[in-house]
Amino acid sequence: MRSNRYLIGRIQIELNMPDDMLSPQNLKKFLTNERETGAVIYTMEFSDDIQSIESMLRARKLEGSREVKRDNLHVFTTECGECRVINFHGAKMPYAVTCQKDEDHVQVWFDRGTEHMLIYDTVFLSALSLEKQMIRDAGLILHSAYMCREDQAILFSAPSETGKSTQADLWEKYRGTRTVNGDRSLLLRKEEGWYACGWPVCGSSEICYNESYPIRAVVMLKQAKENLAYRMKPVEAFRELMGQITINTWDIPFQMKVMDQLEILLREIPVYRLECNISEDAVKCLERAILQDKTGENII
């Protein structure tokens, strides 16, 4: 067995796994030599009969407890805590089963037949349920292309296939910015304000750096023929951002924490709408909106 510690945001996680178990390259960017108390510890192993593991845990399911069923995820509760059964979309047999032993200890089993898939961020890290650990520290995981300009973060957020990476690429081409993560960012509020932090999952963008910068703006994208940018009203921004934050919808306390943090974010960070096409004019349009916003500082 080998043991490694990782620092994601302000949370340390410890992974104890077999020597032959693969892990994603991006996760290694978050390795730390520090050994703080209070780390979340995962014990990971392979199983040659993962359905038996699932059956064993289901036999311990608390009577009357709610079970959440989706195409690729089943969640139920035992006397120890939450259990998750994780499938690939459309697959009948799970590739991973997890059981929370207590608040800081999680057991994870991976099906031996999928060991070669563990190099992929989404496959490996889905079994860690990191959103549960981040919300304990009031951290929000936002579906966004995270770019840095002059040591400040601008986050493009929208549903998949809307053009987050495309807009980030335009800024890189025309304004010399740099993309820190092409698909996700971790939002944390520190004493000096809100920060975007690196996240070990980057989707198909393959752009992932472990870097943290103060947030200048969040930009909600919408495809359009003509470019238009304006600051969104908090109610509208709240609704759209909720749809792009990783949330355990079956966990009411989790949802309430997200909503509380999002309300604070909207009081302190400007959120813009950018209706845009694929052109330098889209970049100029957003620049003008930010410059004309008297409630914010210039980034130009």
# chains A, B, ... in the order shown; residues from 1 in each chain; ligands from 1
>>> closest_atom_pairs(of="stretch 135-222 of chain A", to="stretch 246-250 of chain A", cutoff="10 Å", atoms="only C-alpha atoms", output="CSV")
residue,atom,partner,partner_atom,distance
A:Ile135,CA,A:Ile247,CA,9.4
A:Leu140,CA,A:Thr246,CA,7.4
A:Ile141,CA,A:Thr246,CA,5.6
A:Leu142,CA,A:Thr246,CA,6.6
A:His143,CA,A:Thr246,CA,7.6
A:Arg184,CA,A:Thr246,CA,9.8
>>> write_last_selection(atoms="N, CA and C atoms", output="CSV table (one decimal), in the first residue's frame")
chain,number,residue,atom,x,y,z
A,135,ILE,N,-17.6,21.5,0.7
A,135,ILE,CA,-18.7,22.3,1.3
A,135,ILE,C,-18.5,22.4,2.8
A,140,LEU,N,-17.2,26.2,-3.0
A,140,LEU,CA,-18.1,26.0,-4.1
A,140,LEU,C,-17.4,25.5,-5.4
A,141,ILE,N,-17.8,24.4,-6.0
A,141,ILE,CA,-17.2,23.9,-7.2
A,141,ILE,C,-18.1,24.4,-8.4
A,142,LEU,N,-17.5,25.3,-9.2
A,142,LEU,CA,-18.2,26.0,-10.3
A,142,LEU,C,-17.8,25.4,-11.6
A,143,HIS,N,-18.8,25.0,-12.4
A,143,HIS,CA,-18.5,24.6,-13.8
A,143,HIS,C,-18.2,25.8,-14.6
A,184,ARG,N,-13.5,23.5,-14.5
A,184,ARG,CA,-13.9,23.7,-13.1
A,184,ARG,C,-13.1,24.7,-12.4
>>> closest_atom_pairs(of="stretch 25-110 of chain A", to="stretch 185-200 of chain A", cutoff="9 Å", atoms="only C-alpha atoms", output="Markdown table")
| residue | atom | partner | partner_atom | distance |
| --- | --- | --- | --- | --- |
| A:Gln25 | CA | A:Pro200 | CA | 8.9 |
| A:Asn26 | CA | A:Pro200 | CA | 5.4 |
| A:Leu27 | CA | A:Pro200 | CA | 5.2 |
| A:Lys28 | CA | A:Pro200 | CA | 8.5 |
| A:Lys29 | CA | A:Pro200 | CA | 7.8 |
| A:Phe30 | CA | A:Pro200 | CA | 7.5 |
>>> write_last_selection(atoms="C-alpha atoms", output="JSON list (two decimals), in the first residue's frame")
[["chain", "number", "residue", "atom", "x", "y", "z"],
["A", 25, "GLN", "CA", -1.87, 12.94, -13.55],
["A", 26, "ASN", "CA", -3.73, 16.14, -12.66],
["A", 27, "LEU", "CA", -4.29, 14.97, -9.09],
["A", 28, "LYS", "CA", -0.53, 14.76, -8.60],
["A", 29, "LYS", "CA", -0.32, 18.55, -9.04],
["A", 30, "PHE", "CA", -2.03, 18.83, -5.64]]
>>> select_by_dssp(residues="stretch 48-104 of chain A", states="helix (DSSP H, G or I)", output="list in words")
Ile50, Gln51, Ser52, Ile53, Glu54, Ser55, Met56, Leu57 and Arg58 of chain A
>>> write_last_selection(atoms="N, CA and C atoms", output="tab-separated table (two decimals), in the first residue's frame")
chain	number	residue	atom	x	y	z
A	50	ILE	N	-17.42	-6.70	-7.23
A	50	ILE	CA	-17.92	-5.45	-6.66
A	50	ILE	C	-19.41	-5.50	-6.37
A	51	GLN	N	-20.15	-6.34	-7.06
A	51	GLN	CA	-21.57	-6.45	-6.78
A	51	GLN	C	-21.83	-7.05	-5.41
A	52	SER	N	-20.93	-7.92	-4.95
A	52	SER	CA	-21.06	-8.46	-3.60
A	52	SER	C	-20.83	-7.37	-2.55
A	53	ILE	N	-19.89	-6.45	-2.83
A	53	ILE	CA	-19.67	-5.32	-1.93
A	53	ILE	C	-20.94	-4.47	-1.84
A	54	GLU	N	-21.54	-4.21	-2.99
A	54	GLU	CA	-22.78	-3.44	-3.01
A	54	GLU	C	-23.87	-4.15	-2.21
A	55	SER	N	-24.02	-5.45	-2.41
A	55	SER	CA	-25.06	-6.22	-1.70
A	55	SER	C	-24.83	-6.20	-0.20
A	56	MET	N	-23.57	-6.31	0.21
A	56	MET	CA	-23.24	-6.28	1.64
A	56	MET	C	-23.65	-4.95	2.27
A	57	LEU	N	-23.37	-3.86	1.58
A	57	LEU	CA	-23.70	-2.54	2.12
A	57	LEU	C	-25.21	-2.30	2.10
A	58	ARG	N	-25.86	-2.77	1.05
A	58	ARG	CA	-27.32	-2.59	1.00
A	58	ARG	C	-28.02	-3.34	2.13
>>> closest_residue(among="A:Met256, A:Ala91, A:Leu125, A:Cys83", to="A:Ser23", atoms="only C-alpha atoms")
A:Leu125
>>> closest_residue(among="A:Leu221, A:Ile13, A:Ile41, A:Cys202", to="A:Tyr120", atoms="only C-alpha atoms")
A:Cys202
>>> closest_atom_pairs(of="stretch 4-45 of chain A", to="stretch 104-116 of chain A", cutoff="9 Å", atoms="only C-alpha atoms", output="CSV")
residue,atom,partner,partner_atom,distance
A:Met21,CA,A:Glu115,CA,7.0
A:Leu22,CA,A:Glu115,CA,7.1
A:Gly38,CA,A:Asp104,CA,7.3
A:Ala39,CA,A:Asp104,CA,6.9
A:Val40,CA,A:Asp104,CA,4.5
A:Ile41,CA,A:His105,CA,4.9
A:Tyr42,CA,A:Val106,CA,4.8
A:Thr43,CA,A:Gln107,CA,4.9
A:Met44,CA,A:Val108,CA,4.7
A:Glu45,CA,A:Trp109,CA,5.1
>>> write_last_selection(atoms="N, CA, C and O atoms", output="compact mmCIF listing (two decimals), in the first residue's frame")
# COMPACT_ATOMS: atom_id res chain seq x y z
N MET A 21 -2.38 0.55 -8.08
CA MET A 21 -3.55 1.34 -8.46
C MET A 21 -3.12 2.63 -9.14
O MET A 21 -2.30 3.38 -8.62
N LEU A 22 -3.66 2.89 -10.33
CA LEU A 22 -3.35 4.10 -11.07
C LEU A 22 -4.13 5.28 -10.51
O LEU A 22 -5.14 5.11 -9.82
N GLY A 38 -6.83 16.32 10.94
CA GLY A 38 -8.13 16.64 10.38
C GLY A 38 -8.26 16.34 8.90
O GLY A 38 -9.23 16.73 8.27
N ALA A 39 -7.28 15.64 8.32
CA ALA A 39 -7.38 15.27 6.91
C ALA A 39 -8.49 14.24 6.72
O ALA A 39 -8.81 13.46 7.63
N VAL A 40 -9.09 14.25 5.53
CA VAL A 40 -10.07 13.23 5.18
C VAL A 40 -9.30 12.04 4.60
O VAL A 40 -8.54 12.20 3.64
N ILE A 41 -9.49 10.88 5.17
CA ILE A 41 -8.69 9.70 4.82
C ILE A 41 -9.54 8.73 4.01
O ILE A 41 -10.62 8.32 4.44
N TYR A 42 -9.03 8.36 2.84
CA TYR A 42 -9.68 7.39 1.97
C TYR A 42 -8.83 6.12 1.94
O TYR A 42 -7.63 6.18 1.66
N THR A 43 -9.47 4.99 2.20
CA THR A 43 -8.83 3.69 2.03
C THR A 43 -9.40 3.07 0.77
O THR A 43 -10.61 2.87 0.67
N MET A 44 -8.53 2.77 -0.18
CA MET A 44 -8.97 2.35 -1.51
C MET A 44 -8.43 0.96 -1.81
O MET A 44 -7.28 0.64 -1.47
N GLU A 45 -9.25 0.15 -2.46
CA GLU A 45 -8.81 -1.19 -2.85
C GLU A 45 -9.58 -1.67 -4.06
O GLU A 45 -10.62 -1.10 -4.42
>>> select_by_dssp(residues="stretch 29-182 of chain A", states="strand (DSSP E)", output="NGL selection string")
:A and (31-32 or 40-47 or 68-69 or 73-77 or 82-86 or 96-102 or 105-111 or 140-149 or 152-157 or 178-181)
>>> write_last_selection(atoms="C-alpha atoms", output="mmCIF file, in the first residue's frame")
data_model
loop_
_atom_site.group_PDB
_atom_site.id
_atom_site.type_symbol
_atom_site.label_atom_id
_atom_site.label_comp_id
_atom_site.auth_asym_id
_atom_site.auth_seq_id
_atom_site.Cartn_x
_atom_site.Cartn_y
_atom_site.Cartn_z
ATOM 1 C CA LEU A 31 0.421 16.625 -3.733
ATOM 2 C CA THR A 32 1.629 18.049 -0.414
ATOM 3 C CA VAL A 40 -10.068 13.225 5.179
ATOM 4 C CA ILE A 41 -8.690 9.703 4.818
ATOM 5 C CA TYR A 42 -9.682 7.387 1.970
ATOM 6 C CA THR A 43 -8.826 3.695 2.035
ATOM 7 C CA MET A 44 -8.970 2.354 -1.506
ATOM 8 C CA GLU A 45 -8.807 -1.190 -2.846
ATOM 9 C CA PHE A 46 -9.730 -3.346 -5.812
ATOM 10 C CA SER A 47 -12.567 -5.851 -5.789
ATOM 11 C CA VAL A 68 -31.389 8.346 -4.473
ATOM 12 C CA LYS A 69 -31.314 6.614 -7.854
ATOM 13 C CA LEU A 73 -25.320 6.954 -9.175
ATOM 14 C CA HIS A 74 -27.224 5.351 -6.308
ATOM 15 C CA VAL A 75 -26.944 6.833 -2.815
ATOM 16 C CA PHE A 76 -28.228 5.310 0.428
ATOM 17 C CA THR A 77 -27.411 5.446 4.136
ATOM 18 C CA GLU A 82 -23.530 7.600 3.253
ATOM 19 C CA CYS A 83 -22.817 4.916 0.649
ATOM 20 C CA ARG A 84 -22.522 5.505 -3.084
ATOM 21 C CA VAL A 85 -22.735 3.054 -5.974
ATOM 22 C CA ILE A 86 -21.215 4.587 -9.111
ATOM 23 C CA ALA A 96 -16.944 1.845 -7.765
ATOM 24 C CA VAL A 97 -18.663 1.572 -4.384
ATOM 25 C CA THR A 98 -17.942 3.877 -1.452
ATOM 26 C CA CYS A 99 -18.865 3.806 2.211
ATOM 27 C CA GLN A 100 -18.412 6.644 4.678
ATOM 28 C CA LYS A 101 -17.131 5.157 7.929
ATOM 29 C CA ASP A 102 -17.303 8.492 9.749
ATOM 30 C CA HIS A 105 -12.884 8.265 6.848
ATOM 31 C CA VAL A 106 -14.174 6.794 3.572
ATOM 32 C CA GLN A 107 -13.736 3.286 2.160
ATOM 33 C CA VAL A 108 -13.596 2.996 -1.634
ATOM 34 C CA TRP A 109 -13.728 -0.155 -3.748
ATOM 35 C CA PHE A 110 -12.952 -0.094 -7.486
ATOM 36 C CA ASP A 111 -13.918 -2.929 -9.790
ATOM 37 C CA LEU A 140 -18.148 25.963 -4.106
ATOM 38 C CA ILE A 141 -17.215 23.945 -7.211
ATOM 39 C CA LEU A 142 -18.228 25.967 -10.256
ATOM 40 C CA HIS A 143 -18.523 24.577 -13.781
ATOM 41 C CA SER A 144 -16.417 27.210 -15.514
ATOM 42 C CA ALA A 145 -13.450 28.044 -17.682
ATOM 43 C CA TYR A 146 -11.083 29.760 -15.255
ATOM 44 C CA MET A 147 -8.682 32.281 -16.776
ATOM 45 C CA CYS A 148 -6.138 34.590 -15.221
ATOM 46 C CA ARG A 149 -5.439 38.162 -16.328
ATOM 47 C CA GLN A 152 -6.952 38.160 -11.227
ATOM 48 C CA ALA A 153 -9.446 35.430 -12.097
ATOM 49 C CA ILE A 154 -12.286 35.760 -14.590
ATOM 50 C CA LEU A 155 -14.621 32.755 -14.692
ATOM 51 C CA PHE A 156 -16.732 31.901 -17.736
ATOM 52 C CA SER A 157 -19.673 29.735 -16.668
ATOM 53 C CA ARG A 178 -3.848 32.239 -19.445
ATOM 54 C CA THR A 179 -6.374 29.491 -18.730
ATOM 55 C CA VAL A 180 -5.880 27.843 -15.318
ATOM 56 C CA ASN A 181 -8.626 25.236 -15.711
#
>>> atom_distance(atom1="atom CA of A:Pro159", atom2="atom CA of A:Gln223")
11.0 Å
>>> residues_around(residues="A:Glu263", least_positions_apart="2", cutoff="12 Å", atoms="only C-alpha atoms", output="list in words")
Leu140, Pro234, Val235, Glu236, Ala237, Phe238, Arg239, Leu241, Met242, Met256, Lys257, Val258, Met259, Asp260, Gln261, Leu265, Leu266, Arg267, Glu268, Ile269 and Pro270 of chain A
>>> residues_around(residues="A:Ala289", least_positions_apart="5", cutoff="9 Å", atoms="only C-alpha atoms", output="list of chain:residue names")
A:Leu228, A:Ala229, A:Tyr230, A:Arg231, A:Tyr272, A:Lys284
>>> write_last_selection(atoms="all heavy atoms", output="tab-separated table (two decimals), in the first residue's frame")
chain	number	residue	atom	x	y	z
A	228	LEU	N	-23.33	41.29	-26.60
A	228	LEU	CA	-23.95	42.17	-25.61
A	228	LEU	C	-23.49	41.73	-24.23
A	228	LEU	O	-23.52	40.54	-23.91
A	228	LEU	CB	-25.48	42.09	-25.70
A	228	LEU	CG	-26.27	42.85	-24.63
A	228	LEU	CD1	-26.06	44.36	-24.79
A	228	LEU	CD2	-27.75	42.51	-24.72
A	229	ALA	N	-23.06	42.68	-23.40
A	229	ALA	CA	-22.60	42.36	-22.04
A	229	ALA	C	-23.19	43.35	-21.06
A	229	ALA	O	-23.26	44.55	-21.34
A	229	ALA	CB	-21.08	42.39	-21.97
A	230	TYR	N	-23.61	42.86	-19.91
A	230	TYR	CA	-24.15	43.72	-18.86
A	230	TYR	C	-24.08	42.98	-17.52
A	230	TYR	O	-23.99	41.76	-17.47
A	230	TYR	CB	-25.61	44.11	-19.16
A	230	TYR	CG	-26.54	42.94	-19.35
A	230	TYR	CD1	-27.22	42.36	-18.28
A	230	TYR	CD2	-26.74	42.39	-20.62
A	230	TYR	CE1	-28.07	41.28	-18.47
A	230	TYR	CE2	-27.58	41.32	-20.81
A	230	TYR	CZ	-28.25	40.76	-19.73
A	230	TYR	OH	-29.07	39.68	-19.92
A	231	ARG	N	-24.12	43.77	-16.45
A	231	ARG	CA	-24.09	43.17	-15.12
A	231	ARG	C	-25.47	42.60	-14.79
A	231	ARG	O	-26.50	43.27	-14.98
A	231	ARG	CB	-23.68	44.19	-14.06
A	231	ARG	CG	-23.48	43.56	-12.68
A	231	ARG	CD	-22.69	44.46	-11.77
A	231	ARG	NE	-22.52	43.84	-10.46
A	231	ARG	CZ	-21.76	44.33	-9.51
A	231	ARG	NH1	-21.09	45.47	-9.71
A	231	ARG	NH2	-21.65	43.73	-8.34
A	272	TYR	N	-21.61	38.99	-14.65
A	272	TYR	CA	-22.02	39.59	-15.91
A	272	TYR	C	-22.66	38.56	-16.83
A	272	TYR	O	-22.33	37.37	-16.79
A	272	TYR	CB	-20.80	40.21	-16.63
A	272	TYR	CG	-20.15	41.32	-15.88
A	272	TYR	CD1	-19.11	41.06	-14.98
A	272	TYR	CD2	-20.56	42.63	-16.04
A	272	TYR	CE1	-18.51	42.08	-14.26
A	272	TYR	CE2	-19.96	43.67	-15.33
A	272	TYR	CZ	-18.94	43.38	-14.44
A	272	TYR	OH	-18.34	44.40	-13.73
A	284	LYS	N	-13.94	42.58	-26.56
A	284	LYS	CA	-14.08	44.02	-26.37
A	284	LYS	C	-15.39	44.36	-25.66
A	284	LYS	O	-15.44	45.27	-24.82
A	284	LYS	CB	-14.02	44.73	-27.71
A	284	LYS	CG	-12.67	44.64	-28.42
A	284	LYS	CD	-12.73	45.33	-29.78
A	284	LYS	CE	-11.39	45.27	-30.49
A	284	LYS	NZ	-11.46	45.91	-31.84
>>> atom_distance(atom1="atom CA of A:Lys61", atom2="atom CA of A:Met93")
19.2 Å
>>> atom_distance(atom1="atom CA of A:Cys208", atom2="atom CA of A:Lys132")
21.2 Å
>>> decode(residues="stretch 60-75 of chain A", atoms="N, CA, C and O atoms", output="mmCIF file, in the first residue's frame")
data_model
loop_
_atom_site.group_PDB
_atom_site.id
_atom_site.type_symbol
_atom_site.label_atom_id
_atom_site.label_comp_id
_atom_site.auth_asym_id
_atom_site.auth_seq_id
_atom_site.Cartn_x
_atom_site.Cartn_y
_atom_site.Cartn_z
ATOM 1 N N ARG A 60 -27.081 -3.394 5.010
ATOM 2 C CA ARG A 60 -26.938 -2.548 6.203
ATOM 3 C C ARG A 60 -27.707 -1.242 6.089
ATOM 4 O O ARG A 60 -27.622 -0.385 6.981
ATOM 5 N N LYS A 61 -28.428 -1.090 4.990
ATOM 6 C CA LYS A 61 -29.169 0.147 4.769
ATOM 7 C C LYS A 61 -30.146 0.399 5.901
ATOM 8 O O LYS A 61 -30.853 -0.504 6.356
ATOM 9 N N LEU A 62 -30.171 1.640 6.373
ATOM 10 C CA LEU A 62 -31.083 2.006 7.456
ATOM 11 C C LEU A 62 -32.529 1.941 6.978
ATOM 12 O O LEU A 62 -32.874 2.464 5.916
ATOM 13 N N GLU A 63 -33.356 1.317 7.739
ATOM 14 C CA GLU A 63 -34.767 1.180 7.380
ATOM 15 C C GLU A 63 -35.425 2.555 7.330
ATOM 16 O O GLU A 63 -35.279 3.375 8.231
ATOM 17 N N GLY A 64 -36.121 2.799 6.249
ATOM 18 C CA GLY A 64 -36.823 4.069 6.095
ATOM 19 C C GLY A 64 -35.981 5.202 5.545
ATOM 20 O O GLY A 64 -36.507 6.281 5.283
ATOM 21 N N SER A 65 -34.669 4.977 5.371
ATOM 22 C CA SER A 65 -33.816 6.045 4.842
ATOM 23 C C SER A 65 -34.050 6.208 3.348
ATOM 24 O O SER A 65 -34.383 5.258 2.632
ATOM 25 N N ARG A 66 -33.870 7.409 2.873
ATOM 26 C CA ARG A 66 -34.113 7.714 1.467
ATOM 27 C C ARG A 66 -32.996 7.165 0.596
ATOM 28 O O ARG A 66 -31.820 7.230 0.962
ATOM 29 N N GLU A 67 -33.359 6.606 -0.549
ATOM 30 C CA GLU A 67 -32.367 6.171 -1.524
ATOM 31 C C GLU A 67 -32.521 6.995 -2.786
ATOM 32 O O GLU A 67 -33.622 7.136 -3.318
ATOM 33 N N VAL A 68 -31.403 7.545 -3.253
ATOM 34 C CA VAL A 68 -31.389 8.346 -4.473
ATOM 35 C C VAL A 68 -30.916 7.463 -5.618
ATOM 36 O O VAL A 68 -29.876 6.803 -5.514
ATOM 37 N N LYS A 69 -31.668 7.444 -6.705
ATOM 38 C CA LYS A 69 -31.314 6.614 -7.854
ATOM 39 C C LYS A 69 -31.234 7.466 -9.115
ATOM 40 O O LYS A 69 -32.188 8.134 -9.477
ATOM 41 N N ARG A 70 -30.071 7.416 -9.733
ATOM 42 C CA ARG A 70 -29.868 8.031 -11.034
ATOM 43 C C ARG A 70 -29.267 6.987 -11.959
ATOM 44 O O ARG A 70 -28.922 5.891 -11.536
ATOM 45 N N ASP A 71 -29.110 7.365 -13.225
ATOM 46 C CA ASP A 71 -28.571 6.421 -14.192
ATOM 47 C C ASP A 71 -27.195 5.919 -13.779
ATOM 48 O O ASP A 71 -26.873 4.744 -13.927
ATOM 49 N N ASN A 72 -26.367 6.817 -13.246
ATOM 50 C CA ASN A 72 -24.989 6.437 -12.942
ATOM 51 C C ASN A 72 -24.631 6.549 -11.460
ATOM 52 O O ASN A 72 -23.460 6.420 -11.099
ATOM 53 N N LEU A 73 -25.615 6.788 -10.593
ATOM 54 C CA LEU A 73 -25.320 6.954 -9.175
ATOM 55 C C LEU A 73 -26.511 6.543 -8.312
ATOM 56 O O LEU A 73 -27.625 7.007 -8.544
ATOM 57 N N HIS A 74 -26.243 5.682 -7.341
ATOM 58 C CA HIS A 74 -27.224 5.351 -6.308
ATOM 59 C C HIS A 74 -26.627 5.742 -4.962
ATOM 60 O O HIS A 74 -25.451 5.459 -4.684
ATOM 61 N N VAL A 75 -27.402 6.387 -4.132
ATOM 62 C CA VAL A 75 -26.944 6.833 -2.815
ATOM 63 C C VAL A 75 -27.920 6.337 -1.755
ATOM 64 O O VAL A 75 -29.137 6.473 -1.904
#
